[in-house]
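A short worksheet on the structure shown next.
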Amino acid sequence: MGRMLKRTMCVCVCLLCLLLLPVSSLSQELLEVYFLDVGQGDATLVLSGGHAMLVDGGGPESSQFIYSFLRDTMGLEYLDYIVATHPHSDHVGGLAAAVNACDAGMIFSPIWYAEDEGFQNLVRQMRKKNLFFTFPASGNTLPLGDATVTFLAPIYPMSKVNNLSVILRVSAGDTAVLLCADAEMEEEESLLSSGQELRADVLKAGHHGSGTSTGERFLEAAGPEYAVISCGALNPYGHPDAAVLQRLWEHNVSVLRTDLQGTIHGIYDGNAWSFTSKRQAPPDEKRQTEEKTVVRGMPEQSDVEYAYIGNASSRKFHLPGCTGVSTMLDKNKVFFESREDAVALGYVPCGICHP
Ligand SMILES: [Zn+2]
Ligand SMILES: [Zn+2]
C-alpha cells in the first residue's frame with residue numbers, strides 16, 4: 001500500500017514537472033505543411049507528431065511525383081488520412097498513386113461516384129487494398145498527432161461540385177491552417193452562416209486564387225497572416241485573379257504561390273510560422289517591387305540603400321526582395337538601415353524571407 005502511494009506521488013511530481021516546463025520546450029514543430037507544386041492543381045501534406053494527412057494529390061500527370069515525394073522524399077509508408085476534397089481531376093488525379101505508395105487509415109470523399117478517370121483509378125486502387133470512403137461530415141473532428149483536424153464543409157445543398165469541396169481547419173497550439181480546396185463564395189457564405197470557428201494564420205486560398213473565391217467577408221472571418229495559392233505557372237485560367245491578390249494585400253496578408261516558388265514548406269514551432277521554398281519570386285516580380293518602392297515609397301532616396309522594409313500595419317519586417325514587400329501597400333512601408341533598428345522598434349522578422 002505504502003509503495004503504491006509512493007509510486008502515485010512520484011507520478012504526480014512528474015506530471016507537475018511537465019506542467020512547470022516552459023510551453024516552448026514541449027511544442028517544437030507542432031505542425032508542418034507542404035503545399036506541393038503540382039502545376040495547375042492542389043496537393044497538401046500535413047504532418048504533426050509523426051502522423052500524416054494528404055489532402056488531394058494533383059492531376060494524373062502528378063502521379064509519379066506524388067508517389068516518389070511520399071515514399072522517397074518523405075519516407076512515408078502510412079497516411080493516417082487521405083482527403084479527396086471533390087472529384088475534379090486536378091485534385092484527385094494523383095491520389096491513386098498516393099494509395100499505391102502508402103497504406104491509409106481513412107479516406108474521405110464527399111462524393112463516392114464520379115465519371116472522372118482519376119477518381120475511378122483512385123477507387124480501383126482503394127479496392128485492391130480493401131479501403132472504403134468515409135463521408136466527411138461537417139463538424140466532425142479527428143486527431144492528427146498534436147493537431148486536430150476539423151471538417152467544416154461541405155454543407156448541403158450546393159449548386160456545383162466545387163462548392164461541395166471538403167474544407168478543413170487544422171489547429172495546433174495557438175495556430176490553425178484553413179484548407180479551402182475549390183470552394184467558391186457560395187460555400188464560403190454557407191460556412192460563415194454555420195457559425196463555425198474559421199480563424200486561421202495560414203489560408204490556402206480557395207480555387208487556385210480564382211476571383212470566384214476568397215471573398216471579403218470570408219477573408220475577414222479567417223483573418224490569416226499568410227495565404228498560399230496553388231496554381232500552375234502561366235495557367236490559361238488567369239489564376240490567381242488580380243482582385244484576389246488585391247483583397248489579400250489590403251488585409252496585409254503575405255502571399256505565397258506555388259507557380260512562382262514551387263513547393264512551399266511551412267513549419268509552426270509553437271510560436272511562429274516559418275516558410276521555405278525552392279524558388280524565390282522571379283526577377284521580374286522583384287524588379288516591379290523595386291520600381292514600386294522607388295517611385296512611390298521614398299521619393300528622395302532609393303529603398304535599395306535600405307536593407308530592410310517593415311510593414312507598419314502587420315509590424316513585420318522583410319528583405320527588399322521578399323514577396324511580402326511586393327504585396328505591401330506603399331502607405332505601410334517603413335524603411336530600416338539595420339536589422340537592429342527594426343527589432344528595436346518592435347518589428348518581428350518575416351517567416352518567408354527570414355531577415
Ligand atoms: Zn474543382
Ligand atoms: Zn481545382
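Each chain in the C-alpha cells gets a letter, A, B and so on, in the order shown; residues start at 1 in every chain, and ligands are counted from 1 in the order they appear.
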Which residues sit within 8 Å of ligand 2, counting only C-alpha atoms and all ligand atoms, listed as number ranges by chain?
A: 40-42, 88-91, 162, 181-182, 207-208
I'd like the contact shell of Gly209 (chain A) - 6 Å cut-off, only C-alpha atoms, skipping same-chain residues fewer than 5 positions apart - returned as a PyMOL selection string.
chain A and resi 229+239-241
Filtering to C-alpha atoms, could you give me those residues as a PDB file, in the first residue's frame?
ATOM      1  CA  ILE A 229      -2.135  29.950 -53.682  1.00  0.00           C
ATOM      2  CA  HIS A 239      -5.147  32.216 -61.631  1.00  0.00           C
ATOM      3  CA  PRO A 240      -4.503  33.906 -59.310  1.00  0.00           C
ATOM      4  CA  ASP A 241      -7.011  36.641 -60.050  1.00  0.00           C
TER       5      ASP A 241
END
Which of region 94-305 of chain A fall in alpha helix (DSSP H), as a PyMOL selection string:
chain A and resi 95-101+117-128+185-194+216-222+242-250+258-261+283-292
For the residues in the current selection, export C-alpha atoms as an mmCIF file, in the first residue's frame.
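In the end it all went to part-v1.cif:
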data_model
loop_
_atom_site.group_PDB
_atom_site.id
_atom_site.type_symbol
_atom_site.label_atom_id
_atom_site.label_comp_id
_atom_site.auth_asym_id
_atom_site.auth_seq_id
_atom_site.Cartn_x
_atom_site.Cartn_y
_atom_site.Cartn_z
ATOM 1 C CA LEU A 95 -4.477 10.164 -55.427
ATOM 2 C CA ALA A 96 -4.365 6.609 -56.818
ATOM 3 C CA ALA A 97 -0.553 6.974 -56.723
ATOM 4 C CA ALA A 98 -0.769 8.017 -53.049
ATOM 5 C CA VAL A 99 -2.856 4.927 -52.174
ATOM 6 C CA ASN A 100 -0.364 2.832 -54.145
ATOM 7 C CA ALA A 101 2.587 4.402 -52.281
ATOM 8 C CA GLU A 117 -10.878 8.833 -64.812
ATOM 9 C CA GLY A 118 -8.543 9.839 -61.986
ATOM 10 C CA PHE A 119 -11.355 9.325 -59.470
ATOM 11 C CA GLN A 120 -12.117 5.882 -60.897
ATOM 12 C CA ASN A 121 -8.420 4.960 -60.707
ATOM 13 C CA LEU A 122 -8.476 6.001 -57.072
ATOM 14 C CA VAL A 123 -11.499 3.767 -56.381
ATOM 15 C CA ARG A 124 -9.804 0.817 -58.170
ATOM 16 C CA GLN A 125 -6.609 1.301 -56.157
ATOM 17 C CA MET A 126 -8.633 1.516 -52.926
ATOM 18 C CA ARG A 127 -10.442 -1.747 -53.743
ATOM 19 C CA LYS A 128 -7.094 -3.513 -54.174
ATOM 20 C CA MET A 185 -18.118 32.219 -52.450
ATOM 21 C CA GLU A 186 -21.370 30.196 -52.239
ATOM 22 C CA GLU A 187 -19.625 27.660 -49.998
ATOM 23 C CA GLU A 188 -17.725 30.373 -48.132
ATOM 24 C CA GLU A 189 -21.054 32.044 -47.330
ATOM 25 C CA SER A 190 -22.543 28.764 -46.071
ATOM 26 C CA LEU A 191 -19.523 28.374 -43.794
ATOM 27 C CA LEU A 192 -19.948 31.914 -42.479
ATOM 28 C CA SER A 193 -23.610 31.280 -41.625
ATOM 29 C CA SER A 194 -22.746 27.965 -39.957
ATOM 30 C CA GLU A 216 -14.098 39.882 -48.436
ATOM 31 C CA ARG A 217 -16.326 38.597 -45.618
ATOM 32 C CA PHE A 218 -14.664 35.188 -45.581
ATOM 33 C CA LEU A 219 -11.208 36.767 -45.516
ATOM 34 C CA GLU A 220 -12.218 38.950 -42.597
ATOM 35 C CA ALA A 221 -13.565 35.969 -40.646
ATOM 36 C CA ALA A 222 -10.442 33.864 -41.245
ATOM 37 C CA ALA A 242 -5.770 40.226 -59.619
ATOM 38 C CA ALA A 243 -8.829 41.064 -57.485
ATOM 39 C CA VAL A 244 -7.998 38.244 -55.035
ATOM 40 C CA LEU A 245 -4.376 39.404 -54.750
ATOM 41 C CA GLN A 246 -5.652 42.943 -54.154
ATOM 42 C CA ARG A 247 -8.008 41.756 -51.386
ATOM 43 C CA LEU A 248 -5.169 39.822 -49.739
ATOM 44 C CA TRP A 249 -2.778 42.782 -49.921
ATOM 45 C CA GLU A 250 -5.380 45.123 -48.457
ATOM 46 C CA THR A 258 3.417 27.526 -55.919
ATOM 47 C CA ASP A 259 3.511 28.839 -59.533
ATOM 48 C CA LEU A 260 6.290 31.273 -58.578
ATOM 49 C CA GLN A 261 8.014 29.457 -55.722
ATOM 50 C CA PRO A 283 13.401 38.556 -61.188
ATOM 51 C CA ASP A 284 10.539 40.361 -62.942
ATOM 52 C CA GLU A 285 8.487 40.345 -59.787
ATOM 53 C CA LYS A 286 11.454 41.715 -57.843
ATOM 54 C CA ARG A 287 12.069 44.462 -60.376
ATOM 55 C CA GLN A 288 8.454 45.534 -60.185
ATOM 56 C CA THR A 289 8.768 45.593 -56.416
ATOM 57 C CA GLU A 290 11.813 47.840 -56.521
ATOM 58 C CA GLU A 291 10.246 50.179 -59.053
ATOM 59 C CA LYS A 292 7.097 50.488 -56.984
#
Excluding region 65-71 of chain A and any residue of its chain fewer than 6 positions from it, enumerate the residues within 12 Å of it, using only C-alpha atoms, and give them as a PyMOL selection string.
chain A and resi 34-39+42-47+52-59+77-79+91-103+263
Please identify all polymer residues within 12 Å of Gly346 (chain A), counting only C-alpha atoms, omitting same-chain residues fewer than 2 positions from it, and present them as a ChimeraX atom specification.
/A:310-317,339-344,348-349
Just the strand (DSSP E) stuff from region 58-214 of chain A, please, per backbone DSSP, written as a PyMOL selection string.
chain A and resi 78-83+103-108+133-134+141-144+147-153+167-172+175-179+202-204
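Shortest separation to ligand 1 among A:Ser138, A:Thr73, A:Thr327, A:Ser213 occurs at residue A:Ser213, atoms counted being only C-alpha atoms and all ligand atoms.
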Got a sec: who's within 8 Å of region 105-112 of chain A, counting only C-alpha atoms, leaving out chain neighbours fewer than 5 positions off, as a PDB file with C-alpha atoms, in the first residue's frame?
ATOM      1  CA  TYR A  78       1.377   5.182 -43.913  1.00  0.00           C
ATOM      2  CA  LEU A  79      -1.017   8.102 -44.171  1.00  0.00           C
ATOM      3  CA  ASP A  80      -3.483   8.438 -41.304  1.00  0.00           C
ATOM      4  CA  TYR A  81      -5.957  10.226 -43.569  1.00  0.00           C
ATOM      5  CA  ILE A  82      -6.344  10.913 -47.267  1.00  0.00           C
ATOM      6  CA  VAL A  83      -8.903  13.522 -48.290  1.00  0.00           C
ATOM      7  CA  ALA A  84     -10.292  13.735 -51.820  1.00  0.00           C
ATOM      8  CA  THR A  85     -11.823  17.201 -51.464  1.00  0.00           C
ATOM      9  CA  HIS A  86     -14.031  16.882 -54.573  1.00  0.00           C
ATOM     10  CA  PRO A  87     -13.878  14.676 -57.672  1.00  0.00           C
ATOM     11  CA  LEU A 131     -10.218   0.526 -48.432  1.00  0.00           C
ATOM     12  CA  PHE A 132     -13.539   2.411 -48.483  1.00  0.00           C
ATOM     13  CA  PHE A 133     -14.632   6.041 -48.431  1.00  0.00           C
ATOM     14  CA  THR A 134     -15.815   7.741 -45.262  1.00  0.00           C
ATOM     15  CA  PHE A 135     -18.142  10.737 -45.545  1.00  0.00           C
ATOM     16  CA  PRO A 136     -16.521  13.953 -44.231  1.00  0.00           C
ATOM     17  CA  PRO A 154     -19.331  20.562 -47.313  1.00  0.00           C
ATOM     18  CA  LEU A 164     -19.073  20.508 -52.284  1.00  0.00           C
ATOM     19  CA  SER A 165     -15.341  20.778 -51.546  1.00  0.00           C
ATOM     20  CA  VAL A 166     -14.201  19.439 -48.208  1.00  0.00           C
TER      21      VAL A 166
END
Quick one: residues within 7 Å of Ser171 (chain A), only C-alpha atoms, excluding same-chain residues fewer than 6 positions away - as an MDAnalysis selection string?
chainID A and resid 147:149 177
For the residues in that selection, give me N, CA and C atoms as an mmCIF file, in the first residue's frame.
data_model
loop_
_atom_site.group_PDB
_atom_site.id
_atom_site.type_symbol
_atom_site.label_atom_id
_atom_site.label_comp_id
_atom_site.auth_asym_id
_atom_site.auth_seq_id
_atom_site.Cartn_x
_atom_site.Cartn_y
_atom_site.Cartn_z
ATOM 1 N N ALA A 147 -2.109 17.821 -33.460
ATOM 2 C CA ALA A 147 -3.081 18.715 -34.106
ATOM 3 C C ALA A 147 -4.483 18.096 -34.099
ATOM 4 N N THR A 148 -5.465 18.959 -34.383
ATOM 5 C CA THR A 148 -6.846 18.491 -34.526
ATOM 6 C C THR A 148 -7.351 18.912 -35.900
ATOM 7 N N VAL A 149 -7.918 17.962 -36.613
ATOM 8 C CA VAL A 149 -8.477 18.248 -37.934
ATOM 9 C C VAL A 149 -9.987 18.375 -37.773
ATOM 10 N N VAL A 177 -4.633 26.218 -39.684
ATOM 11 C CA VAL A 177 -4.499 26.316 -41.135
ATOM 12 C C VAL A 177 -5.860 25.983 -41.725
#
Atom pair CA of Val202 (chain A) + CA of Ser230 (chain A), distance 13.2 Å
Using only C-alpha atoms, determine which residues lie at most 12 Å from Ile352 (chain A), disregarding the query and same-chain residues fewer than 4 positions distant; provide the list as a ChimeraX atom specification.
/A:225-228,254-257,261,264-267,272-281,316-319,321-325,348
Keeping only C-alpha atoms, write the selected residues as a tab-separated table (two decimals), in the first residue's frame.
chain	number	residue	atom	x	y	z
A	225	GLU	CA	-1.36	36.21	-41.80
A	226	TYR	CA	-0.29	34.09	-44.77
A	227	ALA	CA	-2.18	32.92	-47.85
A	228	VAL	CA	-0.96	30.11	-50.09
A	254	SER	CA	1.64	37.72	-47.10
A	255	VAL	CA	1.08	35.71	-50.28
A	256	LEU	CA	2.95	32.52	-51.18
A	257	ARG	CA	2.47	30.95	-54.63
A	261	GLN	CA	8.01	29.46	-55.72
A	264	ILE	CA	6.20	25.58	-50.18
A	265	HIS	CA	7.10	24.11	-46.78
A	266	GLY	CA	5.59	25.74	-43.69
A	267	ILE	CA	6.61	24.93	-40.12
A	272	ALA	CA	5.58	31.36	-35.20
A	273	TRP	CA	5.29	30.14	-38.78
A	274	SER	CA	8.34	29.86	-40.98
A	275	PHE	CA	8.20	29.14	-44.72
A	276	THR	CA	10.79	27.89	-47.17
A	277	SER	CA	10.51	27.18	-50.88
A	278	LYS	CA	12.83	26.11	-53.67
A	279	ARG	CA	12.48	29.33	-55.62
A	280	GLN	CA	12.10	32.96	-54.65
A	281	ALA	CA	9.77	35.18	-56.66
A	316	LYS	CA	6.75	42.55	-39.65
A	317	PHE	CA	9.99	43.38	-41.48
A	318	HIS	CA	11.36	41.87	-44.68
A	319	LEU	CA	14.31	41.77	-47.06
A	321	GLY	CA	13.17	41.08	-52.50
A	322	CYS	CA	10.57	39.27	-50.36
A	323	THR	CA	7.08	38.64	-51.76
A	324	GLY	CA	5.87	40.24	-48.52
A	325	VAL	CA	7.25	43.55	-49.85
A	348	VAL	CA	9.32	40.94	-35.98
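Distance-wise, CA of Thr175 (chain A) and CA of Ala137 (chain A) end up 22.7 Å apart.
Separating CA of Pro224 (chain A) from CA of Ala205 (chain A) is a distance of 10.2 Å.
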